[in-house]
Amino acid sequence: RLILRDPDLARDAVQDALVLAWRDLPALRDPAKFNAWLYRLTTRSCLGLARRNRRRRIEVEIRSLEAPSTPDPAIAIAQRQQVDQVMRRLDERGRSIVVLHYFLGLPLTEVAVALEMPVGTVKSSLHRALGEMRADAAMADELALHPKEHPA
């Protein structure tokens with residue numbers, strides 16, 4: 001859902017990945033790597049659907065899995081919206097790496113396996129994506145602090 005930004009497409013991607021996993025399960029050589037293999041299938045399915053639906057604008061709300069820890073819910077909502085806006089601007093590859101590493105907690109080596117990329121490429125892509133996210137967040141903060149200085 002976080003990669004595709006659309007719950008319906010995400011369900012389709014998971015379904016496709018599970019069908020592929022069921023079909024290709026006998027070919028899995030190392031059962032200890034099942035999770036990484038399934039993440040790779042799911043991520044590939046998400047990226048394939050994203051390529052096919054590139055023209056369609058996708059909006060999704062990121063919801064907290066836990067109760068908000070801040071006393072003012074407006075702050076939590078504003079932060080979630082800012083993360084959502086920043087994530088929306090990333091390309092699919094950068095968003096996939098950020099989601100797998102930060103949202104799902106996979107180490108970069110497993111992210112590399114899941115995306116079939118060298119670890120160095122994953123690290124540099126993550127670095128670039130985080131830089132873009134920081135720049136977008138800083139720009140949003142600047143616009144919020146000084147709206148008259150930046151014409152719409």
# chains A, B, ... in the order shown; residues from 1 in each chain; ligands from 1
call {"tool": "residues_around", "arguments": {"residues": "segment 35-48 of chain A", "least_positions_apart": "3", "cutoff": "8 Å", "atoms": "only C-alpha atoms", "output": "mmCIF file with N, CA and C atoms, in the first residue's frame"}}
result
data_model
loop_
_atom_site.group_PDB
_atom_site.id
_atom_site.type_symbol
_atom_site.label_atom_id
_atom_site.label_comp_id
_atom_site.auth_asym_id
_atom_site.auth_seq_id
_atom_site.Cartn_x
_atom_site.Cartn_y
_atom_site.Cartn_z
ATOM 1 N N ILE A 3 3.896 1.567 -1.200
ATOM 2 C CA ILE A 3 4.611 1.710 -2.475
ATOM 3 C C ILE A 3 3.660 2.211 -3.550
ATOM 4 N N LEU A 4 2.488 1.614 -3.643
ATOM 5 C CA LEU A 4 1.549 1.941 -4.720
ATOM 6 C C LEU A 4 0.657 3.138 -4.402
ATOM 7 N N ALA A 10 -2.819 -2.163 -4.201
ATOM 8 C CA ALA A 10 -1.987 -2.922 -3.263
ATOM 9 C C ALA A 10 -2.548 -4.332 -3.063
ATOM 10 N N ALA A 13 -1.669 -6.305 -6.072
ATOM 11 C CA ALA A 13 -0.245 -6.654 -6.079
ATOM 12 C C ALA A 13 0.032 -7.814 -5.120
ATOM 13 N N VAL A 14 -0.572 -7.773 -3.944
ATOM 14 C CA VAL A 14 -0.372 -8.864 -2.986
ATOM 15 C C VAL A 14 -0.952 -10.158 -3.532
ATOM 16 N N ASP A 16 -1.321 -10.981 -6.703
ATOM 17 C CA ASP A 16 -0.417 -11.439 -7.758
ATOM 18 C C ASP A 16 0.826 -12.092 -7.167
ATOM 19 N N ALA A 17 1.385 -11.470 -6.133
ATOM 20 C CA ALA A 17 2.600 -12.003 -5.506
ATOM 21 C C ALA A 17 2.331 -13.355 -4.849
ATOM 22 N N LEU A 18 1.180 -13.490 -4.205
ATOM 23 C CA LEU A 18 0.865 -14.772 -3.566
ATOM 24 C C LEU A 18 0.623 -15.883 -4.591
ATOM 25 N N LEU A 20 2.081 -15.987 -7.546
ATOM 26 C CA LEU A 20 3.430 -16.326 -8.011
ATOM 27 C C LEU A 20 4.174 -17.163 -6.979
ATOM 28 N N ALA A 21 4.031 -16.813 -5.698
ATOM 29 C CA ALA A 21 4.705 -17.561 -4.641
ATOM 30 C C ALA A 21 4.196 -19.000 -4.602
ATOM 31 N N ALA A 32 15.080 -20.739 4.280
ATOM 32 C CA ALA A 32 15.411 -19.698 5.263
ATOM 33 C C ALA A 32 15.267 -18.298 4.668
ATOM 34 N N ARG A 51 4.107 0.715 -12.890
ATOM 35 C CA ARG A 51 4.469 1.041 -14.281
ATOM 36 C C ARG A 51 3.239 1.037 -15.179
ATOM 37 N N ARG A 52 2.360 0.071 -14.982
ATOM 38 C CA ARG A 52 1.164 -0.018 -15.821
ATOM 39 C C ARG A 52 0.173 1.105 -15.524
ATOM 40 N N GLU A 92 9.091 5.460 -7.812
ATOM 41 C CA GLU A 92 8.706 4.158 -7.264
ATOM 42 C C GLU A 92 9.885 3.444 -6.608
ATOM 43 N N ARG A 93 11.072 3.529 -7.225
ATOM 44 C CA ARG A 93 12.234 2.834 -6.676
ATOM 45 C C ARG A 93 12.625 3.412 -5.319
ATOM 46 N N SER A 96 10.008 2.522 -2.785
ATOM 47 C CA SER A 96 10.099 1.108 -2.414
ATOM 48 C C SER A 96 11.191 0.884 -1.381
ATOM 49 N N GLU A 110 18.692 -7.064 3.005
ATOM 50 C CA GLU A 110 17.453 -7.737 2.588
ATOM 51 C C GLU A 110 16.668 -6.899 1.588
ATOM 52 N N VAL A 111 16.737 -5.579 1.711
ATOM 53 C CA VAL A 111 16.102 -4.707 0.719
ATOM 54 C C VAL A 111 16.750 -4.947 -0.640
ATOM 55 N N VAL A 113 18.220 -7.669 -1.678
ATOM 56 C CA VAL A 113 17.777 -8.976 -2.180
ATOM 57 C C VAL A 113 16.355 -8.877 -2.720
ATOM 58 N N ALA A 114 15.490 -8.194 -1.973
ATOM 59 C CA ALA A 114 14.087 -8.082 -2.377
ATOM 60 C C ALA A 114 13.934 -7.335 -3.693
ATOM 61 N N LEU A 115 14.779 -6.328 -3.924
ATOM 62 C CA LEU A 115 14.666 -5.526 -5.144
ATOM 63 C C LEU A 115 15.627 -5.981 -6.235
ATOM 64 N N GLU A 116 16.406 -7.027 -5.926
ATOM 65 C CA GLU A 116 17.394 -7.552 -6.868
ATOM 66 C C GLU A 116 18.337 -6.453 -7.349
#
call {"tool": "residues_around", "arguments": {"residues": "segment 82-88 of chain A", "least_positions_apart": "5", "cutoff": "7 Å", "atoms": "only C-alpha atoms", "output": "ChimeraX atom specification"}}
result
/A:62,95,133,136-137
call {"tool": "select_by_dssp", "arguments": {"residues": "segment 4-49 of chain A", "states": "alpha helix (DSSP H)", "output": "ChimeraX atom specification"}}
result
/A:7-24,34-49
call {"tool": "write_last_selection", "arguments": {"atoms": "C-alpha atoms", "output": "CSV table (one decimal), in the first residue's frame"}}
result
chain,number,residue,atom,x,y,z
A,7,PRO,CA,-5.3,0.2,-1.3
A,8,ASP,CA,-7.0,-1.5,-4.3
A,9,LEU,CA,-3.9,-1.7,-6.3
A,10,ALA,CA,-2.0,-2.9,-3.3
A,11,ARG,CA,-4.5,-5.8,-2.8
A,12,ASP,CA,-4.0,-6.7,-6.5
A,13,ALA,CA,-0.2,-6.7,-6.1
A,14,VAL,CA,-0.4,-8.9,-3.0
A,15,GLN,CA,-2.7,-11.3,-4.7
A,16,ASP,CA,-0.4,-11.4,-7.8
A,17,ALA,CA,2.6,-12.0,-5.5
A,18,LEU,CA,0.9,-14.8,-3.6
A,19,VAL,CA,-0.2,-16.5,-6.8
A,20,LEU,CA,3.4,-16.3,-8.0
A,21,ALA,CA,4.7,-17.6,-4.6
A,22,TRP,CA,2.3,-20.5,-4.7
A,23,ARG,CA,3.3,-21.3,-8.3
A,24,ASP,CA,7.0,-21.0,-7.7
A,34,PHE,CA,11.4,-17.2,2.2
A,35,ASN,CA,10.7,-13.8,3.7
A,36,ALA,CA,13.1,-12.0,1.4
A,37,TRP,CA,11.9,-14.0,-1.5
A,38,LEU,CA,8.2,-13.1,-0.8
A,39,TYR,CA,9.2,-9.4,-0.3
A,40,ARG,CA,10.9,-9.5,-3.6
A,41,LEU,CA,7.9,-11.0,-5.4
A,42,THR,CA,5.6,-8.5,-3.7
A,43,THR,CA,7.8,-5.5,-4.5
A,44,ARG,CA,8.2,-6.6,-8.1
A,45,SER,CA,4.4,-7.0,-8.4
A,46,CYS,CA,4.0,-3.5,-6.9
A,47,LEU,CA,6.5,-2.0,-9.3
A,48,GLY,CA,4.9,-3.7,-12.3
A,49,LEU,CA,1.5,-2.4,-11.3
call {"tool": "atom_distance", "arguments": {"atom1": "atom CA of Leu108 of chain A", "atom2": "atom CA of Gly131 of chain A"}}
result
17.1 Å
call {"tool": "atom_distance", "arguments": {"atom1": "atom CA of His127 of chain A", "atom2": "atom CA of Tyr102 of chain A"}}
result
12.7 Å
call {"tool": "atom_distance", "arguments": {"atom1": "atom CA of Glu132 of chain A", "atom2": "atom CA of Leu104 of chain A"}}
result
20.3 Å
call {"tool": "residues_around", "arguments": {"residues": "Ser125 of chain A", "least_positions_apart": "2", "cutoff": "8 Å", "atoms": "only C-alpha atoms", "output": "VMD selection string"}}
result
chain A and resid 93 to 94 97 121 to 123 127 to 129
call {"tool": "write_last_selection", "arguments": {"atoms": "C-alpha atoms", "output": "PDB file, in the first residue's frame"}}
result
ATOM      1  CA  ARG A  93      12.234   2.834  -6.676  1.00  0.00           C
ATOM      2  CA  GLY A  94      13.058   5.355  -3.962  1.00  0.00           C
ATOM      3  CA  ILE A  97      13.455   1.322  -0.666  1.00  0.00           C
ATOM      4  CA  THR A 121      22.895   0.879  -5.267  1.00  0.00           C
ATOM      5  CA  VAL A 122      20.267   0.498  -2.545  1.00  0.00           C
ATOM      6  CA  LYS A 123      22.350   2.636  -0.182  1.00  0.00           C
ATOM      7  CA  HIS A 127      20.570   8.409   0.418  1.00  0.00           C
ATOM      8  CA  ARG A 128      19.183  10.243  -2.623  1.00  0.00           C
ATOM      9  CA  ALA A 129      15.562   9.555  -1.597  1.00  0.00           C
TER      10      ALA A 129
END
call {"tool": "closest_residue", "arguments": {"among": "A:Leu106, A:Ala112, A:Ala78, A:Val99", "to": "Ala140 of chain A", "atoms": "only C-alpha atoms"}}
result
A:Ala78
